[in-house]
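Single-structure report; data block below.
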Amino acid sequence: MVQTWNDRARTAIKGKTGTLILWSFVCSIVLEVGLMMDPYYYGFEYDTLALTFISLAGLILYAGLLPVLVGYNWVMLETIRGKSSSLRDVFTPFRHRYGKHLLAGLLVMFFQVLWSLLLLVPGIVKYFSYAFTFFILRDEPDLSITEAITKSRTLMRGRKWDAFKLILPFIPMYLVGWIFFIQLDMMFLGSWIYLVALTLIRPFIVSRFAVMYEHARIEYDAQWNRSA
C-alpha cells in the first residue's frame, strides 16, 4: 500500500515539481519574515527592552502567518485530485476564516511541540496523528478545529507506521538541515540551510500525506455508510 501511495503522489506532481517547490519556498520565506525580525537571528543578545520587544513582535508575526501552511496543504490536496491551482490559492486561508485557520495552525503546532517536549517518540506519533487536520478543514470547513483534529487522529489510527515509511526517504535531508541549524554558530546561515531543506522536501511529504488521507477518508466513509 505504501508503494501505491508513493506512486500516486509521484504521478500527481510529475511535471509540477519545480512549481510546487517554488511555492514551498514562498511559504518558507513568508514564515521566515517574522523570525528575521528577531535580533538573536543576527547574533544579538536580548540585553535591552527594545530588542526584547522586537523579538516578541517577530514571534507574533510568525504565528500570524501560519495559515500559509494550511493553504499549501490545500493546494497539494487539489493537485493530488488532478485539479489545477495557482500560488494565489496558497493564501486562501488568509481570505476566508482567517481566525479559524490561524488557530488551527497554532493548536496543531502547540500540541506537537508539547508532546515533543515530554518525549521524542510521543512527539513523532502526534505529528502523524495531526497530519490530516488541514486537509479535513478543506473538505469539511464547518467542523470545529478540535473536531478536525479528532477526525485526523481517527483516520490515522493504525496507519502511523505506514505514514512513517511514507516519508522515511526524506528524513535524512531534514536531519541534515536541522544539524546545520543547531551546530552552526551563525544563526542566520544555519536557519537558511534548514529553510532550504524544508522547502525541498515539503512538496513530497505533503503530497504523500494527501494521498494517504484520500485513501483513509474513502475507507472511513465506506465504513460509516455500512454502519448507517
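Residue numbers start at 1 in each chain; chains themselves are named A, B, ... in the order of the C-alpha cells; ligands are numbered from 1 in the order shown.
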(request) Any chance you could list, as a PyMOL selection string, the residues in range 26-143 of chain A that come up alpha helix (DSSP H) when DSSP is run on the backbone? (result) chain A and resi 26-36+49-64+67-80+87-90+92-95+98-118+120-129+133-139
Give me, as a Markdown table, the closest atom pair and its distance (Å, one decimal) for every residue of range 167-215 of chain A within a cut-off of 10 Å of range 111-131 of chain A, counting only C-alpha atoms, rows sorted by chain and rising number.
| residue | atom | partner | partner_atom | distance |
| --- | --- | --- | --- | --- |
| A:Val206 | CA | A:Ala131 | CA | 8.9 |
| A:Phe209 | CA | A:Ala131 | CA | 7.2 |
| A:Ala210 | CA | A:Ala131 | CA | 9.2 |
| A:Tyr213 | CA | A:Ala131 | CA | 8.8 |
(message) List the spatial neighbours of Val196 in chain A as a PyMOL selection string - criterion: any atom at most 12 Å away, only C-alpha atoms, same-chain residues fewer than 5 positions off excluded.
(response) chain A and resi 21-22+24-29+32+173-174+176-178+180-181+189-191+201-202
Dump as a PDB file, in the first residue's frame, selection limited to N, CA and C atoms:
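Dumped to part20.pdb:
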ATOM      1  N   ILE A  21       7.851  23.254  -5.548  1.00  0.00           N
ATOM      2  CA  ILE A  21       9.000  23.599  -4.708  1.00  0.00           C
ATOM      3  C   ILE A  21       9.119  25.113  -4.594  1.00  0.00           C
ATOM      4  N   LEU A  22       8.873  25.822  -5.696  1.00  0.00           N
ATOM      5  CA  LEU A  22       8.910  27.285  -5.668  1.00  0.00           C
ATOM      6  C   LEU A  22       7.862  27.825  -4.701  1.00  0.00           C
ATOM      7  N   SER A  24       6.600  26.220  -2.222  1.00  0.00           N
ATOM      8  CA  SER A  24       7.059  25.827  -0.890  1.00  0.00           C
ATOM      9  C   SER A  24       8.078  26.837  -0.371  1.00  0.00           C
ATOM     10  N   PHE A  25       8.949  27.309  -1.253  1.00  0.00           N
ATOM     11  CA  PHE A  25       9.941  28.309  -0.873  1.00  0.00           C
ATOM     12  C   PHE A  25       9.264  29.617  -0.482  1.00  0.00           C
ATOM     13  N   VAL A  26       8.219  29.990  -1.216  1.00  0.00           N
ATOM     14  CA  VAL A  26       7.456  31.197  -0.880  1.00  0.00           C
ATOM     15  C   VAL A  26       6.859  31.074   0.517  1.00  0.00           C
ATOM     16  N   CYS A  27       6.282  29.906   0.821  1.00  0.00           N
ATOM     17  CA  CYS A  27       5.716  29.669   2.160  1.00  0.00           C
ATOM     18  C   CYS A  27       6.788  29.819   3.230  1.00  0.00           C
ATOM     19  N   SER A  28       7.968  29.252   2.965  1.00  0.00           N
ATOM     20  CA  SER A  28       9.048  29.322   3.942  1.00  0.00           C
ATOM     21  C   SER A  28       9.492  30.765   4.159  1.00  0.00           C
ATOM     22  N   ILE A  29       9.581  31.529   3.082  1.00  0.00           N
ATOM     23  CA  ILE A  29      10.005  32.921   3.193  1.00  0.00           C
ATOM     24  C   ILE A  29       8.965  33.734   3.958  1.00  0.00           C
ATOM     25  N   GLU A  32       9.412  33.003   7.441  1.00  0.00           N
ATOM     26  CA  GLU A  32      10.718  33.448   7.917  1.00  0.00           C
ATOM     27  C   GLU A  32      10.744  34.952   8.186  1.00  0.00           C
ATOM     28  N   MET A 173      17.389  14.358   4.762  1.00  0.00           N
ATOM     29  CA  MET A 173      17.553  15.759   4.363  1.00  0.00           C
ATOM     30  C   MET A 173      17.089  16.696   5.468  1.00  0.00           C
ATOM     31  N   TYR A 174      15.984  16.325   6.126  1.00  0.00           N
ATOM     32  CA  TYR A 174      15.504  17.131   7.250  1.00  0.00           C
ATOM     33  C   TYR A 174      16.541  17.165   8.369  1.00  0.00           C
ATOM     34  N   VAL A 176      19.779  16.702   8.139  1.00  0.00           N
ATOM     35  CA  VAL A 176      20.946  17.490   7.729  1.00  0.00           C
ATOM     36  C   VAL A 176      20.691  18.972   7.967  1.00  0.00           C
ATOM     37  N   GLY A 177      19.506  19.438   7.543  1.00  0.00           N
ATOM     38  CA  GLY A 177      19.149  20.839   7.766  1.00  0.00           C
ATOM     39  C   GLY A 177      19.102  21.182   9.241  1.00  0.00           C
ATOM     40  N   TRP A 178      18.545  20.280  10.043  1.00  0.00           N
ATOM     41  CA  TRP A 178      18.438  20.516  11.488  1.00  0.00           C
ATOM     42  C   TRP A 178      19.808  20.545  12.155  1.00  0.00           C
ATOM     43  N   PHE A 180      22.700  21.352  10.784  1.00  0.00           N
ATOM     44  CA  PHE A 180      23.351  22.612  10.438  1.00  0.00           C
ATOM     45  C   PHE A 180      22.782  23.762  11.271  1.00  0.00           C
ATOM     46  N   PHE A 181      21.463  23.749  11.455  1.00  0.00           N
ATOM     47  CA  PHE A 181      20.800  24.808  12.220  1.00  0.00           C
ATOM     48  C   PHE A 181      21.306  24.827  13.665  1.00  0.00           C
ATOM     49  N   LEU A 189      22.980  31.730   8.843  1.00  0.00           N
ATOM     50  CA  LEU A 189      23.324  30.710   7.852  1.00  0.00           C
ATOM     51  C   LEU A 189      22.649  29.382   8.172  1.00  0.00           C
ATOM     52  N   GLY A 190      22.696  28.975   9.437  1.00  0.00           N
ATOM     53  CA  GLY A 190      22.061  27.722   9.827  1.00  0.00           C
ATOM     54  C   GLY A 190      20.573  27.724   9.555  1.00  0.00           C
ATOM     55  N   SER A 191      19.919  28.855   9.813  1.00  0.00           N
ATOM     56  CA  SER A 191      18.488  28.975   9.589  1.00  0.00           C
ATOM     57  C   SER A 191      18.146  28.834   8.114  1.00  0.00           C
ATOM     58  N   ILE A 201      11.781  19.338   0.651  1.00  0.00           N
ATOM     59  CA  ILE A 201      11.067  18.092   0.976  1.00  0.00           C
ATOM     60  C   ILE A 201       9.571  18.303   1.183  1.00  0.00           C
ATOM     61  N   ARG A 202       9.140  19.543   1.428  1.00  0.00           N
ATOM     62  CA  ARG A 202       7.729  19.787   1.742  1.00  0.00           C
ATOM     63  C   ARG A 202       6.762  19.258   0.669  1.00  0.00           C
TER      64      ARG A 202
END
(message) What's around range 74-82 of chain A at 8 Å? Count only C-alpha atoms, leave out sequence neighbours fewer than 5 positions away in its own chain, and write the answer as a ChimeraX atom specification.
(response) /A:9,12-13,89-90,134-135,138,203,206-207,210-211
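One finds CA of Met36 in chain A at 17.7 Å from CA of Ala197 in chain A.
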(request) For CA of Met1 in chain A and CA of Pro169 in chain A, determine how far apart the two atoms are, in Å to one decimal place. (result) 16.1 Å
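Of the listed residues (A:Lys100, A:Phe132, A:Arg159, A:Leu137), A:Arg159 comes nearest to Val2 in chain A; the distances count only C-alpha atoms.
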